[in-house]
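Engineer: Just my_file_39.cif, nothing more (mmCIF, C-alpha atoms):
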data_data
#
loop_
_atom_site.label_atom_id
_atom_site.label_comp_id
_atom_site.auth_asym_id
_atom_site.auth_seq_id
_atom_site.Cartn_x
_atom_site.Cartn_y
_atom_site.Cartn_z
CA MET L 3 -25.63 111.40 33.62
CA THR L 4 -23.74 109.57 36.39
CA ALA L 5 -23.00 111.31 39.66
CA ALA L 6 -19.75 113.27 39.82
CA THR L 7 -16.72 111.64 41.39
CA ALA L 8 -13.27 112.72 42.53
CA THR L 9 -10.07 110.79 41.82
CA LEU L 10 -6.70 111.06 43.53
CA LEU L 11 -3.54 109.88 41.76
CA ILE L 12 -0.77 109.40 44.29
CA SER L 13 2.91 108.48 44.14
CA CYS L 14 5.13 108.37 47.24
CA PRO L 15 7.85 106.37 48.99
CA ASP L 16 6.48 103.06 50.19
CA GLN L 17 5.73 102.90 53.91
CA ILE L 18 3.38 101.21 56.35
CA GLY L 19 -0.24 102.34 56.53
CA LEU L 20 -0.53 104.26 53.26
CA VAL L 21 -3.76 102.66 52.06
CA ALA L 22 -5.38 103.16 55.47
CA LYS L 23 -4.34 106.82 55.73
CA ILE L 24 -5.57 107.70 52.26
CA ALA L 25 -8.81 105.75 52.51
CA ASN L 26 -9.50 107.17 55.96
CA PHE L 27 -9.25 110.72 54.59
CA ILE L 28 -12.19 109.92 52.32
CA TYR L 29 -14.11 107.90 54.90
CA ALA L 30 -13.71 110.52 57.64
CA ASN L 31 -15.21 113.13 55.32
CA GLY L 32 -18.23 111.03 54.41
CA GLY L 33 -17.01 109.77 51.04
CA ASN L 34 -18.03 106.51 49.38
CA ILE L 35 -15.05 104.88 47.64
CA ILE L 36 -16.06 103.23 44.37
CA HIS L 37 -12.67 102.31 42.86
CA ALA L 38 -9.24 101.81 44.40
CA ASP L 39 -6.08 100.41 42.84
CA GLN L 40 -2.57 100.40 44.23
CA HIS L 41 0.81 99.02 43.27
CA THR L 42 4.14 98.84 45.07
CA ASP L 43 7.40 98.84 43.14
CA PHE L 44 9.61 97.13 45.71
CA SER L 45 12.81 97.64 43.72
CA ALA L 46 12.23 101.41 43.66
CA GLY L 47 10.53 101.61 47.06
CA LEU L 48 7.64 103.39 45.37
CA PHE L 49 3.91 103.25 46.14
CA LEU L 50 1.33 104.18 43.49
CA MET L 51 -2.40 104.57 44.04
CA ARG L 52 -5.53 105.62 42.19
CA ILE L 53 -8.62 106.07 44.36
CA GLU L 54 -12.04 107.36 43.29
CA TRP L 55 -15.04 108.31 45.40
CA GLN L 56 -18.48 109.85 44.99
CA LEU L 57 -18.82 113.56 45.66
CA GLU L 58 -22.47 113.27 46.65
CA GLY L 59 -22.55 113.34 50.44
CA PHE L 60 -18.86 114.23 50.73
CA ASN L 61 -18.42 116.76 53.51
CA LEU L 62 -15.70 118.86 51.87
CA PRO L 63 -16.54 121.24 49.01
CA ARG L 64 -14.39 120.78 45.93
CA GLY L 65 -12.24 123.80 46.66
CA MET L 66 -11.31 122.43 50.09
CA ILE L 67 -10.29 118.91 49.04
CA GLU L 68 -6.82 119.84 47.79
CA PRO L 69 -5.69 121.83 50.86
CA ALA L 70 -7.18 119.22 53.17
CA PHE L 71 -5.41 116.32 51.46
CA ALA L 72 -2.17 118.31 51.18
CA ALA L 73 -1.87 118.16 54.97
CA ILE L 74 -1.87 114.36 54.71
CA ALA L 75 0.32 114.12 51.61
CA LYS L 76 3.16 116.35 52.84
CA PRO L 77 4.47 114.08 55.61
CA LEU L 78 4.18 111.14 53.20
CA GLN L 79 6.43 112.97 50.69
CA ALA L 80 3.74 112.31 48.10
CA SER L 81 3.30 113.64 44.60
CA TRP L 82 -0.38 113.71 43.79
CA SER L 83 -3.11 115.19 41.65
CA LEU L 84 -6.87 115.55 42.00
CA HIS L 85 -9.38 115.17 39.18
CA PHE L 86 -13.16 115.51 38.93
CA SER L 87 -15.14 113.31 36.57
CA ASP L 88 -17.29 116.18 35.29
CA THR L 89 -14.27 118.35 34.43
CA VAL L 90 -13.14 117.83 30.84
CA PRO L 91 -9.30 117.80 30.58
CA ARG L 92 -7.40 119.55 27.81
CA LEU L 93 -4.90 117.34 26.00
CA ALA L 94 -1.82 118.01 23.91
CA ILE L 95 -0.60 115.29 21.54
CA TRP L 96 3.00 114.89 20.40
CA VAL L 97 3.50 113.14 17.03
CA THR L 98 6.15 112.50 14.40
CA LYS L 99 5.46 111.22 10.88
CA GLN L 100 3.22 108.19 11.48
CA ASP L 101 -0.49 108.98 11.59
CA HIS L 102 -2.18 105.79 12.87
CA CYS L 103 -1.89 106.55 16.61
CA LEU L 104 -2.99 110.15 16.13
CA LEU L 105 -5.98 109.19 13.99
CA ASP L 106 -7.03 106.50 16.45
CA LEU L 107 -7.02 109.06 19.28
CA LEU L 108 -8.89 111.69 17.28
CA TRP L 109 -11.56 109.24 16.09
CA ARG L 110 -12.06 107.99 19.65
CA GLN L 111 -12.33 111.55 20.91
CA GLN L 112 -14.91 112.38 18.28
CA ALA L 113 -16.86 109.20 19.10
CA GLY L 114 -16.93 110.15 22.78
CA GLU L 115 -14.71 107.28 23.92
CA ILE L 116 -12.08 109.77 25.10
CA ARG L 117 -13.82 112.56 26.99
CA ALA L 118 -11.40 115.41 26.52
CA GLU L 119 -10.66 118.53 24.51
CA ILE L 120 -7.69 118.30 22.11
CA PRO L 121 -6.66 121.86 21.16
CA LEU L 122 -2.96 121.26 20.42
CA ILE L 123 -0.72 118.94 18.40
CA ILE L 124 3.08 119.29 18.51
CA SER L 125 5.46 117.57 16.12
CA ASN L 126 9.10 117.55 15.15
CA HIS L 127 8.02 116.85 11.53
CA PRO L 128 5.47 118.65 9.31
CA GLU L 129 3.79 115.59 7.75
CA LEU L 130 0.69 115.46 9.99
CA HIS L 131 -0.23 119.14 9.69
CA SER L 132 -3.00 118.21 7.25
CA VAL L 133 -4.52 115.78 9.76
CA ALA L 134 -4.61 118.51 12.40
CA ASN L 135 -6.27 120.85 9.92
CA GLN L 136 -8.86 118.20 9.08
CA PHE L 137 -9.87 118.00 12.74
CA GLY L 138 -9.59 121.74 13.39
CA ILE L 139 -6.67 121.42 15.83
CA ASP L 140 -3.75 123.84 16.05
CA PHE L 141 -0.51 122.25 14.86
CA TYR L 142 3.02 123.38 15.71
CA HIS L 143 6.03 122.08 13.81
CA LEU L 144 9.03 122.34 16.15
CA PRO L 145 12.02 120.49 14.68
CA VAL L 146 14.17 118.92 17.39
CA THR L 147 17.90 118.29 17.01
CA ALA L 148 20.65 117.93 19.57
CA GLU L 149 21.40 121.62 19.06
CA THR L 150 17.79 122.88 19.28
CA LYS L 151 16.30 120.49 21.88
CA ILE L 152 16.45 122.87 24.86
CA GLU L 153 15.12 125.81 22.85
CA GLN L 154 12.27 123.80 21.32
CA GLU L 155 11.22 122.27 24.62
CA ALA L 156 11.09 125.78 26.08
CA ARG L 157 8.72 126.70 23.24
CA GLN L 158 6.65 123.58 23.95
CA LEU L 159 6.32 124.64 27.59
CA GLU L 160 5.09 128.06 26.42
CA LEU L 161 2.43 126.35 24.30
CA LEU L 162 1.32 124.09 27.15
CA ARG L 163 0.74 127.15 29.31
CA GLU L 164 -0.88 129.15 26.51
CA TYR L 165 -3.34 126.35 25.71
CA ARG L 166 -3.93 125.50 29.41
CA ILE L 167 -3.01 121.84 28.85
CA ASP L 168 -3.78 119.36 31.61
CA LEU L 169 -2.39 116.15 30.12
CA GLY L 170 0.02 115.07 27.42
CA ILE L 171 0.07 112.06 25.11
CA LEU L 172 3.07 110.83 23.14
CA ALA L 173 1.54 109.20 20.05
CA LYS L 174 4.61 107.48 18.56
CA TYR L 175 6.68 110.56 19.40
CA MET L 176 10.15 109.12 19.71
CA GLN L 177 12.07 112.01 21.30
CA VAL L 178 13.31 111.62 24.87
CA LEU L 179 11.74 114.38 26.97
CA THR L 180 13.79 116.34 29.48
CA PRO L 181 12.77 116.64 33.16
CA ASP L 182 11.85 120.30 32.61
CA LEU L 183 9.08 119.31 30.23
CA LEU L 184 7.89 116.33 32.25
CA THR L 185 7.62 118.32 35.47
CA PHE L 186 5.16 120.71 33.83
CA PHE L 187 2.55 118.15 34.83
CA PRO L 188 1.73 117.88 38.55
CA ILE L 189 2.39 114.14 38.72
CA LEU L 190 4.15 111.97 36.17
CA SER L 191 1.43 109.35 36.29
CA THR L 192 -0.87 111.85 34.58
CA PHE L 193 1.54 112.18 31.67
CA ILE L 194 0.62 109.20 29.51
CA ILE L 195 3.51 107.71 27.52
CA LEU L 196 1.38 106.35 24.72
CA PHE L 197 2.34 103.87 22.03
CA TYR L 198 -0.27 102.12 19.93
CA GLN L 199 0.37 98.72 21.53
CA LEU L 200 -0.61 100.18 24.95
CA LEU L 201 -3.60 102.24 23.82
CA ARG L 202 -6.29 99.71 24.74
CA GLU L 203 -4.75 99.21 28.18
CA LEU L 204 -4.46 102.92 28.98
CA ILE L 205 -7.75 104.04 27.40
CA PRO L 206 -10.14 101.05 27.25
CA ILE L 207 -12.95 101.04 24.70
CA ASN L 208 -15.56 101.45 27.43
CA GLY L 209 -14.04 104.88 27.98
CA PRO L 210 -13.30 105.99 31.54
CA THR L 211 -12.26 109.60 31.93
CA ILE L 212 -8.84 110.19 30.46
CA GLU L 213 -7.22 111.30 33.71
CA GLY L 214 -7.83 107.87 35.25
#
Can you turn what I pasted into structure tokens?
Structural biologist:
Amino acid sequence: MTAATATLLISCPDQIGLVAKIANFIYANGGNIIHADQHTDFSAGLFLMRIEWQLEGFNLPRGMIEPAFAAIAKPLQASWSLHFSDTVPRLAIWVTKQDHCLLDLLWRQQAGEIRAEIPLIISNHPELHSVANQFGIDFYHLPVTAETKIEQEARQLELLREYRIDLGILAKYMQVLTPDLLTFFPILSTFIILFYQLLRELIPINGPTIEG
């Protein structure tokens, strides 16, 4: 088994010195950075970063990393989340009538390519209930119309809390989600908007942890 790592996902207004400040937080605490990717959306003035480092030799215990980094993130006006490679996330999948995206995800999860628990499937149609039953996953049929959208999204939020969901995947789910539902997740970059065409880009076959 490979050594445990920590990963920060960060989104904040673009400004000078961001990479240095974030990397220095890890360096100053004895961390060895093994992956770092960043992107700047100049039109939106937005900076995005994913940075991963080894926990072996890191001076801060896991429980102290979040409060320590929060002191750096606050003046940067950053939204961020912290993930550990040896912590298995819990996923919810939203679907409609088409089964190919859902089956692809479930087969990959069973093969170990997606290292995650999948306890919950939500749909605005009943057609894929049998697929959920086949894989032993709880299925909730919550029909969404213009009149019921707010009520049904409130029920979806209840389910996310009840099932302790960390991440969400839209597998050909074509409803537009409201901000209330999206902000359930600590940072929008951890909420994967998944269509089949993007699957191999977001979750490569060689299978990094899903939160990356």
Engineer: What does the distance from CA of Gln17 in chain L to CA of Leu183 in chain L come to in Å, to one decimal?
Structural biologist: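 Going from CA of Gln17 in chain L over to CA of Leu183 in chain L, I get 29.0 Å.
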Engineer: Mind dumping a table of every range 46-95 of chain L residue within 12 Å of range 155-166 of chain L, with the nearest atom pair and its distance in Å to one decimal, using only C-alpha atoms, sorted by chain and rising number, as JSON lines?
Structural biologist:
{"residue": "L:Pro91", "atom": "CA", "partner": "L:Arg166", "partner_atom": "CA", "distance": 9.5}
{"residue": "L:Arg92", "atom": "CA", "partner": "L:Arg166", "partner_atom": "CA", "distance": 7.1}
{"residue": "L:Leu93", "atom": "CA", "partner": "L:Arg166", "partner_atom": "CA", "distance": 8.9}
{"residue": "L:Ala94", "atom": "CA", "partner": "L:Leu162", "partner_atom": "CA", "distance": 7.6}
{"residue": "L:Ile95", "atom": "CA", "partner": "L:Leu162", "partner_atom": "CA", "distance": 10.6}
Engineer: Those residues with C-alpha atoms, as an mmCIF file, in the coordinates of the input please?
Structural biologist:
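That gives us selection-v6.cif:
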data_model
loop_
_atom_site.group_PDB
_atom_site.id
_atom_site.type_symbol
_atom_site.label_atom_id
_atom_site.label_comp_id
_atom_site.auth_asym_id
_atom_site.auth_seq_id
_atom_site.Cartn_x
_atom_site.Cartn_y
_atom_site.Cartn_z
ATOM 1 C CA PRO L 91 -9.300 117.800 30.580
ATOM 2 C CA ARG L 92 -7.400 119.550 27.810
ATOM 3 C CA LEU L 93 -4.900 117.340 26.000
ATOM 4 C CA ALA L 94 -1.820 118.010 23.910
ATOM 5 C CA ILE L 95 -0.600 115.290 21.540
#
Engineer: To verify the selection step, state as a PyMOL selection string which residues the PyMOL selection byres ((chain L and resi 55) around 8) yields on this input.
Structural biologist: chain L and resi 7-9+28+33-37+53-54+56-57
Engineer: Given the selection you just returned, output its residues as a file containing C-alpha atoms, formatted as a PDB file, keeping the file's coordinate frame.
Structural biologist:
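Everything below was put into result_38.pdb:
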ATOM      1  CA  THR L   7     -16.720 111.640  41.390  1.00  0.00           C
ATOM      2  CA  ALA L   8     -13.270 112.720  42.530  1.00  0.00           C
ATOM      3  CA  THR L   9     -10.070 110.790  41.820  1.00  0.00           C
ATOM      4  CA  ILE L  28     -12.190 109.920  52.320  1.00  0.00           C
ATOM      5  CA  GLY L  33     -17.010 109.770  51.040  1.00  0.00           C
ATOM      6  CA  ASN L  34     -18.030 106.510  49.380  1.00  0.00           C
ATOM      7  CA  ILE L  35     -15.050 104.880  47.640  1.00  0.00           C
ATOM      8  CA  ILE L  36     -16.060 103.230  44.370  1.00  0.00           C
ATOM      9  CA  HIS L  37     -12.670 102.310  42.860  1.00  0.00           C
ATOM     10  CA  ILE L  53      -8.620 106.070  44.360  1.00  0.00           C
ATOM     11  CA  GLU L  54     -12.040 107.360  43.290  1.00  0.00           C
ATOM     12  CA  GLN L  56     -18.480 109.850  44.990  1.00  0.00           C
ATOM     13  CA  LEU L  57     -18.820 113.560  45.660  1.00  0.00           C
TER      14      LEU L  57
END
Engineer: Measure the distance from CA of Ala46 in chain L to CA of Phe186 in chain L in Å and round it to one decimal.
Structural biologist: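 Straight-line distance from CA of Ala46 in chain L to CA of Phe186 in chain L works out to 22.8 Å.
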Engineer: Can you translate the PyMOL selection byres ((chain L and resi 178) around 12) into the concrete residues it hits in this file, as a ChimeraX atom specification?
Structural biologist: /L:96,146-148,151-152,155,172,174-177,179-184,195
Engineer: Restricting it to C-alpha atoms, dump the selection as a PDB file, keeping the file's coordinate frame.
Structural biologist:
ATOM      1  CA  TRP L  96       3.000 114.890  20.400  1.00  0.00           C
ATOM      2  CA  VAL L 146      14.170 118.920  17.390  1.00  0.00           C
ATOM      3  CA  THR L 147      17.900 118.290  17.010  1.00  0.00           C
ATOM      4  CA  ALA L 148      20.650 117.930  19.570  1.00  0.00           C
ATOM      5  CA  LYS L 151      16.300 120.490  21.880  1.00  0.00           C
ATOM      6  CA  ILE L 152      16.450 122.870  24.860  1.00  0.00           C
ATOM      7  CA  GLU L 155      11.220 122.270  24.620  1.00  0.00           C
ATOM      8  CA  LEU L 172       3.070 110.830  23.140  1.00  0.00           C
ATOM      9  CA  LYS L 174       4.610 107.480  18.560  1.00  0.00           C
ATOM     10  CA  TYR L 175       6.680 110.560  19.400  1.00  0.00           C
ATOM     11  CA  MET L 176      10.150 109.120  19.710  1.00  0.00           C
ATOM     12  CA  GLN L 177      12.070 112.010  21.300  1.00  0.00           C
ATOM     13  CA  LEU L 179      11.740 114.380  26.970  1.00  0.00           C
ATOM     14  CA  THR L 180      13.790 116.340  29.480  1.00  0.00           C
ATOM     15  CA  PRO L 181      12.770 116.640  33.160  1.00  0.00           C
ATOM     16  CA  ASP L 182      11.850 120.300  32.610  1.00  0.00           C
ATOM     17  CA  LEU L 183       9.080 119.310  30.230  1.00  0.00           C
ATOM     18  CA  LEU L 184       7.890 116.330  32.250  1.00  0.00           C
ATOM     19  CA  ILE L 195       3.510 107.710  27.520  1.00  0.00           C
TER      20      ILE L 195
END
Engineer: Measuring between only C-alpha atoms, which one of L:Gly19, L:Arg64, L:Ala80, L:Ala72 shows the shortest distance to Leu48 in chain L?
Structural biologist: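 Closest residue, counting only C-alpha atoms: L:Ala80.
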Engineer: Just the number, please: distance in Å from CA of Ile139 in chain L to CA of His127 in chain L, one decimal.
Structural biologist: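 Value for the CA of Ile139 in chain L-CA of His127 in chain L distance: 16.0 Å.
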Engineer: Using the chain letters and numbers from the file, give me the residues hit by the PyMOL selection byres ((chain L and resi 169) around 6), as a ChimeraX atom specification.
Structural biologist: /L:93,167-168,170,193
Engineer: Write to file, as a PDB file, in the coordinates of the input, the residues of the selection just made, with C-alpha atoms.
Structural biologist:
ATOM      1  CA  LEU L  93      -4.900 117.340  26.000  1.00  0.00           C
ATOM      2  CA  ILE L 167      -3.010 121.840  28.850  1.00  0.00           C
ATOM      3  CA  ASP L 168      -3.780 119.360  31.610  1.00  0.00           C
ATOM      4  CA  GLY L 170       0.020 115.070  27.420  1.00  0.00           C
ATOM      5  CA  PHE L 193       1.540 112.180  31.670  1.00  0.00           C
TER       6      PHE L 193
END
Engineer: Can you pull out every residue within 12 Å of Ala22 in chain L, counting all atoms listed in the file, but drop anything in the same chain fewer than 6 positions away, and send it as a list of chain:residue names?
Structural biologist: L:Ile28, L:Tyr29, L:Ala30, L:Ala38, L:Gln40, L:Met51, L:Ile53, L:Ile74
Engineer: Using all atoms listed in the file, which of L:Ile67, L:Ile116, L:Leu10, L:Cys103 sits nearest Asn31 in chain L?
Structural biologist: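 Checking each candidate against Asn31 in chain L, we get L:Ile67 as the closest.
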Engineer: Would you compute, for all listed atoms of range 84-100 of chain L, the axis-aligned bounding box grown by 6 Å on each side, and then report its centre and edge lengths in Å rounded to one decimal, as AutoDock Vina command-line options?
Structural biologist:
--center_x -5.6 --center_y 113.9 --center_z 26.4 --size_x 35.4 --size_y 23.4 --size_z 43.1
Engineer: Tell me which of L:Ser81, L:Ala5, L:Gly32, L:Asn26 sits closest to Pro63 in chain L, counting only C-alpha atoms.
Structural biologist: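 Closest to Pro63 in chain L of all the choices is L:Gly32.
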Engineer: Name all residues at most 9 Å from Glu129 in chain L (count only C-alpha atoms; drop same-chain ones fewer than 5 positions away) and give them as a ChimeraX atom specification.
Structural biologist: /L:98-101
Engineer: Report as an MDAnalysis selection string all protein, DNA and RNA residues lying within 12 Å of Ser13 in chain L, evaluated on all atoms listed in the file, omitting residues in the same chain fewer than 5 positions from it.
Structural biologist: chainID L and resid 20:21 24 40:43 46:53 75:76 78:83 188:192
Engineer: When distances are computed from only C-alpha atoms, which of L:Pro128, L:Ser87, L:Phe27, L:Pro121 shows the smallest separation from Asp140 in chain L?
Structural biologist: L:Pro121
